[in-house]
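Content type compact mmCIF, C-alpha atoms, from the file entry30.txt:
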# COMPACT_ATOMS: atom_id res chain seq x y z
CA MET N 1 115.53 108.31 111.32
CA HIS N 2 117.55 105.63 113.08
CA ILE N 3 115.84 102.31 113.70
CA LYS N 4 118.15 100.34 115.94
CA HIS N 5 115.98 97.28 116.28
CA LYS N 6 112.49 96.03 115.48
CA SER N 7 111.15 92.54 116.07
CA TYR N 8 107.82 90.77 116.41
CA ARG N 9 106.79 87.97 118.74
CA THR N 10 105.84 84.86 116.78
CA ALA N 11 102.95 82.48 117.50
CA SER N 12 105.45 79.99 118.95
CA GLY N 13 106.70 82.57 121.45
CA GLY N 14 109.95 83.39 119.67
CA ARG N 15 111.07 86.71 118.17
CA LEU N 16 111.20 87.58 114.47
CA HIS N 17 113.89 90.19 113.86
CA VAL N 18 112.84 92.43 110.93
CA LEU N 19 114.86 95.69 111.10
CA ASP N 20 118.43 96.18 112.25
CA ASP N 21 120.41 99.44 112.59
CA LEU N 22 118.72 101.36 109.77
CA PHE N 23 119.75 105.00 109.37
CA ILE N 24 117.94 107.00 106.66
CA THR N 25 117.63 110.73 106.03
CA LEU N 26 115.32 112.51 103.60
CA ALA N 27 116.08 115.91 102.09
CA ASN N 28 113.29 118.45 101.75
CA GLY N 29 111.38 117.82 98.51
CA GLU N 30 113.32 114.65 97.72
CA VAL N 31 111.69 111.51 96.30
CA VAL N 32 113.32 108.40 97.79
CA ALA N 33 112.49 104.83 96.79
CA LEU N 34 112.97 101.91 99.16
CA VAL N 35 113.54 98.64 97.33
CA GLY N 36 113.98 95.22 98.88
CA PRO N 37 112.79 91.60 98.81
CA SER N 38 109.30 90.67 99.99
CA GLY N 39 109.07 90.34 103.74
CA CYS N 40 112.22 92.33 104.49
CA GLY N 41 110.36 94.90 106.63
CA LYS N 42 109.63 97.75 104.20
CA THR N 43 106.01 98.18 105.30
CA THR N 44 107.01 97.89 108.96
CA LEU N 45 109.52 100.69 108.42
CA LEU N 46 106.83 102.92 106.90
CA ARG N 47 104.48 102.23 109.79
CA ILE N 48 107.21 103.25 112.22
CA ILE N 49 107.90 106.46 110.32
CA VAL N 50 104.25 107.60 110.33
CA GLY N 51 103.66 106.58 113.94
CA LEU N 52 101.44 103.54 113.41
CA GLU N 53 104.06 101.25 114.97
CA ARG N 54 105.65 102.42 118.21
CA ASP N 55 107.18 99.24 119.60
CA PHE N 56 110.76 99.62 118.35
CA GLU N 57 114.20 100.78 119.45
CA GLY N 58 115.42 103.97 117.81
CA SER N 59 114.12 107.39 116.86
CA VAL N 60 112.25 109.13 114.05
CA HIS N 61 112.37 112.90 113.66
CA LEU N 62 109.86 114.63 111.39
CA ARG N 63 109.57 118.32 110.73
CA ALA N 64 107.71 120.16 113.49
CA CYS N 65 103.96 120.43 112.77
CA GLY N 66 104.48 118.60 109.50
CA SER N 67 101.57 116.71 107.96
CA VAL N 68 101.83 113.20 106.52
CA GLY N 69 99.96 111.65 103.62
CA PHE N 70 99.96 107.82 103.55
CA VAL N 71 98.94 105.64 100.60
CA PHE N 72 98.60 102.02 101.77
CA GLN N 73 99.00 98.93 99.60
CA GLU N 74 95.19 98.67 99.56
CA PRO N 75 93.05 101.80 98.96
CA ARG N 76 91.26 101.46 102.35
CA LEU N 77 88.27 103.60 101.37
CA LEU N 78 85.11 103.77 103.47
CA PRO N 79 82.50 101.90 101.38
CA TRP N 80 79.57 103.97 102.68
CA ARG N 81 81.19 107.26 101.66
CA THR N 82 81.47 108.71 98.17
CA VAL N 83 84.81 109.47 96.54
CA GLU N 84 84.59 113.13 97.51
CA GLU N 85 83.51 112.30 101.07
CA ASN N 86 86.42 109.88 101.51
CA VAL N 87 88.85 112.61 100.50
CA ARG N 88 87.14 115.33 102.55
CA LEU N 89 87.30 113.19 105.69
CA ALA N 90 91.09 113.36 105.46
CA ALA N 91 91.21 117.03 104.45
CA PRO N 92 88.11 118.80 105.80
CA ALA N 93 89.70 122.23 105.39
CA ALA N 94 90.60 121.75 101.71
CA SER N 95 88.92 124.29 99.44
CA GLU N 96 86.68 123.43 96.50
CA ALA N 97 89.35 124.80 94.16
CA VAL N 98 92.11 122.62 95.62
CA LEU N 99 90.01 119.44 95.54
CA GLY N 100 88.67 120.24 92.09
CA ALA N 101 92.18 120.63 90.68
CA LEU N 102 93.31 117.42 92.39
CA PHE N 103 90.34 115.42 91.09
CA ALA N 104 90.91 116.79 87.59
CA ALA N 105 94.61 115.91 87.67
CA LEU N 106 93.84 112.33 88.70
CA GLY N 107 90.90 111.87 86.34
CA LEU N 108 88.37 111.61 89.17
CA THR N 109 86.03 114.52 88.41
CA ALA N 110 83.35 112.27 86.91
CA HIS N 111 83.55 109.88 89.86
CA CYS N 112 83.24 112.27 92.82
CA ARG N 113 79.74 111.01 93.75
CA HIS N 114 80.50 107.35 93.16
CA TYR N 115 81.00 104.89 96.00
CA PRO N 116 84.12 102.69 96.29
CA GLY N 117 82.15 99.61 95.27
CA GLU N 118 81.46 101.28 91.91
CA LEU N 119 85.14 101.89 91.17
CA SER N 120 87.77 99.79 89.45
CA LEU N 121 90.95 99.05 91.43
CA GLY N 122 92.81 101.64 89.38
CA LEU N 123 90.26 104.35 90.20
CA ALA N 124 90.24 103.36 93.87
CA ARG N 125 94.02 103.73 93.98
CA ARG N 126 93.65 107.21 92.45
CA VAL N 127 91.20 108.14 95.20
CA ALA N 128 93.68 106.90 97.83
CA LEU N 129 96.38 109.07 96.24
CA ALA N 130 94.01 112.06 96.11
CA ARG N 131 93.19 111.57 99.80
CA ALA N 132 96.89 111.60 100.72
CA LEU N 133 97.66 114.67 98.59
CA ALA N 134 94.58 116.62 99.69
CA VAL N 135 96.10 117.23 103.13
CA GLU N 136 98.99 119.00 101.32
CA PRO N 137 101.50 116.81 103.18
CA ASP N 138 105.05 117.71 104.10
CA LEU N 139 105.81 113.98 103.82
CA LEU N 140 104.10 111.66 101.33
CA VAL N 141 104.49 107.93 102.09
CA LEU N 142 103.54 105.38 99.43
CA ASP N 143 103.49 101.64 100.14
CA GLU N 144 103.59 99.88 96.76
CA PRO N 145 100.72 102.03 95.45
CA PHE N 146 100.73 100.50 91.96
CA VAL N 147 101.05 96.83 92.88
CA SER N 148 98.58 94.41 91.21
CA LEU N 149 97.71 96.89 88.46
CA ASP N 150 98.20 96.06 84.79
CA ALA N 151 101.34 97.52 83.22
CA GLU N 152 99.55 100.22 81.19
CA LEU N 153 97.52 101.55 84.12
CA ALA N 154 100.51 101.45 86.49
CA ALA N 155 102.56 103.44 83.96
CA ARG N 156 99.79 106.05 83.65
CA LEU N 157 99.51 106.44 87.43
CA ARG N 158 103.29 106.79 87.75
CA THR N 159 103.18 109.60 85.21
CA GLU N 160 100.37 111.31 87.10
CA LEU N 161 102.32 111.03 90.36
CA VAL N 162 105.42 112.56 88.75
CA GLU N 163 103.36 115.48 87.42
CA LEU N 164 101.66 116.08 90.78
CA VAL N 165 104.95 116.05 92.69
CA ALA N 166 106.46 118.39 90.10
CA ARG N 167 103.63 120.90 90.65
CA ARG N 168 104.02 120.85 94.41
CA PRO N 169 107.36 119.41 95.53
CA VAL N 170 106.85 117.22 98.59
CA THR N 171 109.26 114.95 100.42
CA THR N 172 108.23 111.48 99.26
CA LEU N 173 109.12 107.99 100.45
CA LEU N 174 108.04 105.23 98.06
CA VAL N 175 108.23 101.52 98.84
CA THR N 176 108.37 99.26 95.81
CA HIS N 177 109.67 95.83 94.87
CA ASP N 178 110.10 97.03 91.27
CA LEU N 179 113.58 98.42 90.59
CA ASP N 180 112.47 99.86 87.23
CA GLU N 181 109.73 101.83 89.01
CA ALA N 182 112.24 103.06 91.59
CA VAL N 183 114.74 104.44 89.06
CA LEU N 184 111.92 106.03 87.05
CA LEU N 185 110.36 107.91 89.97
CA ALA N 186 113.05 108.56 92.56
CA ASP N 187 115.83 111.06 93.16
CA ARG N 188 117.55 108.44 95.29
CA VAL N 189 117.16 104.66 95.61
CA ILE N 190 117.83 102.83 98.87
CA LEU N 191 118.23 99.07 98.53
CA LEU N 192 117.42 96.98 101.60
CA SER N 193 118.67 93.50 102.38
CA ALA N 194 116.55 90.50 103.29
CA SER N 195 115.18 90.48 106.85
CA PRO N 196 116.49 91.73 109.19
CA ALA N 197 116.68 94.65 106.80
CA ARG N 198 119.76 96.82 106.55
CA VAL N 199 120.84 99.34 103.91
CA MET N 200 122.83 97.58 101.18
CA ALA N 201 123.07 100.54 98.78
CA ASP N 202 122.09 104.21 98.73
CA VAL N 203 122.27 105.50 95.16
CA PRO N 204 121.51 109.13 94.19
CA ILE N 205 120.18 109.83 90.69
CA ALA N 206 121.48 113.12 89.34
CA ASN N 207 119.37 113.65 86.23
CA PRO N 208 115.81 115.02 86.58
CA ARG N 209 113.05 112.43 86.12
CA ARG N 210 111.70 113.97 82.92
CA THR N 211 115.07 113.82 81.15
CA ARG N 212 116.00 110.19 81.85
CA SER N 213 116.25 108.13 78.68
CA ALA N 214 115.77 104.38 78.48
CA ASP N 215 119.55 103.91 78.29
CA GLU N 216 120.09 106.09 81.36
CA LEU N 217 117.45 104.20 83.32
CA ALA N 218 119.12 100.89 82.41
CA ALA N 219 122.52 102.24 83.48
CA ILE N 220 121.14 103.42 86.84
CA ARG N 221 119.46 100.06 87.38
CA ASN N 222 122.72 98.25 86.67
CA GLN N 223 124.61 100.59 89.01
CA ILE N 224 122.20 99.81 91.84
CA THR N 225 122.47 96.08 91.15
CA ARG N 226 126.28 96.25 91.23
CA SER N 227 126.22 98.28 94.44
CA SER N 228 124.04 95.69 96.13
CA LYS N 229 126.47 92.90 95.20
CA GLN N 230 129.42 94.84 96.58
CA ALA N 231 127.68 95.61 99.88
Would you mind giving the structure from this file in structure tokens?
Amino acid sequence: MHIKHKSYRTASGGRLHVLDDLFITLANGEVVALVGPSGCGKTTLLRIIVGLERDFEGSVHLRACGSVGFVFQEPRLLPWRTVEENVRLAAPAASEAVLGALFAALGLTAHCRHYPGELSLGLARRVALARALAVEPDLLVLDEPFVSLDAELAARLRTELVELVARRPVTTLLVTHDLDEAVLLADRVILLSASPARVMADVPIANPRRTRSADELAAIRNQITRSSKQA
């Protein structure tokens, strides 16, 4: 994808420039984390990639006939539909076996007939993740999916995401403001500048996620920090 320019018109009639000459590629099955300061345009970039924002200069090329799973910052579940119905609306062709395995993996089996209003935020986020994965996407897009969760629950959901992606490799683009989360989950970390966003550093992580020790994670984090200062 190459986003040459993206701006918004402000209430005063001016233009707010949010993205500038961004060029990003994703390898098949790769997990890439986008990290940057609040307000730099990360969510706008995701909306452009999945086709929800079309007013920009540039181009985005996705695999032909590829499906996209999107997990928003908020779960965005239909309150009048049960957990299972919310997921089935996104993936009506999914088999009972596929959904059953997905619900089991995310700890949702006992909640399939519950309504969103009966769920904790953590459970609702699991349903949103299940909905995105149920379509068996070629591209999985996650916009700060663990934000506002307590540390223990966020860590558990990160582990579940790693296990799910390991079972069925899918090209994944994760937006996060948490550098620790990025180096834990990603194969590559892209650091964006403040708005208008540009790529400050693009750092590949060689070791598999499951083998990264605390010392290795700290070293990767420091490498990314140094790269951003040299950009």
Checklist line | Residues within 12 Å of Thr25 of chain N, all atoms listed in the file, excluding chain neighbours under 5 positions, as a count of residues only | finding: 17
Margin query: Report, in Å to a single decimal, how far apart atom CA of Arg76 of chain N and atom CA of Leu185 of chain N are.
Written below: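 Straight-line distance from atom CA of Leu185 of chain N to atom CA of Arg76 of chain N works out to 23.7 Å.
Coordinates place atom CA of Val183 of chain N at a distance of 10.6 Å from atom CA of Ala214 of chain N.
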Next item on the list: Go ahead and compute the interatomic distance for atom CA of Gly41 of chain N and atom CA of Ala91 of chain N, in Å to one decimal.
Entry: 29.3 Å
Margin query: Ranking N:Asn222, N:Ser95, N:Ser7, N:Ser120 by minimum distance to Leu179 of chain N and counting only C-alpha atoms, which one comes first?
Written below: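 Among N:Asn222, N:Ser95, N:Ser7, N:Ser120, it is N:Asn222 that comes nearest to Leu179 of chain N.
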Checklist line | Spatial neighbours of Thr44 of chain N, 10 Å, only C-alpha atoms, chain gap at least 3 places, as a PyMOL selection string | finding: chain N and resi 6-7+18-19+39-41+47-49+52-53
Notebook entry, point to check: Residues at most 10 Å from Leu164 of chain N, counting all atoms listed in the file, excluding those fewer than 5 positions away in the same chain, as an MDAnalysis selection string?
Noted result: chainID N and resid 102 105:106 133 158:159 169:170
As AutoDock Vina command-line options, what would the box around segment 66-81 of chain N look like: edges along x, y and z, 3 Å added on every side, centre and edge lengths in Å to one decimal?
--center_x 92.0 --center_y 108.6 --center_z 104.2 --size_x 30.9 --size_y 25.9 --size_z 16.5
Notebook entry, point to check: So which residues fall inside 12 Å of (94.8, 105.4, 89.8) if we count all atoms listed in the file? Mind giving them as an MDAnalysis selection string?
Noted result: chainID N and resid 71 74:75 103 105:108 119:131 145:150 152:161
Notebook entry, point to check: N:Leu139, N:Val87, N:Leu78, N:Ala101: which is nearest Pro116 of chain N, counting all atoms listed in the file?
Noted result: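 Selected residue with least distance to Pro116 of chain N: N:Leu78.
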Item checked: Given all atoms listed in the file as the counted atoms, nearest of N:Glu144, N:Asp20, N:Glu85, N:Glu57 to Ser193 of chain N ->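 Closest to Ser193 of chain N, using all atoms listed in the file: N:Asp20.
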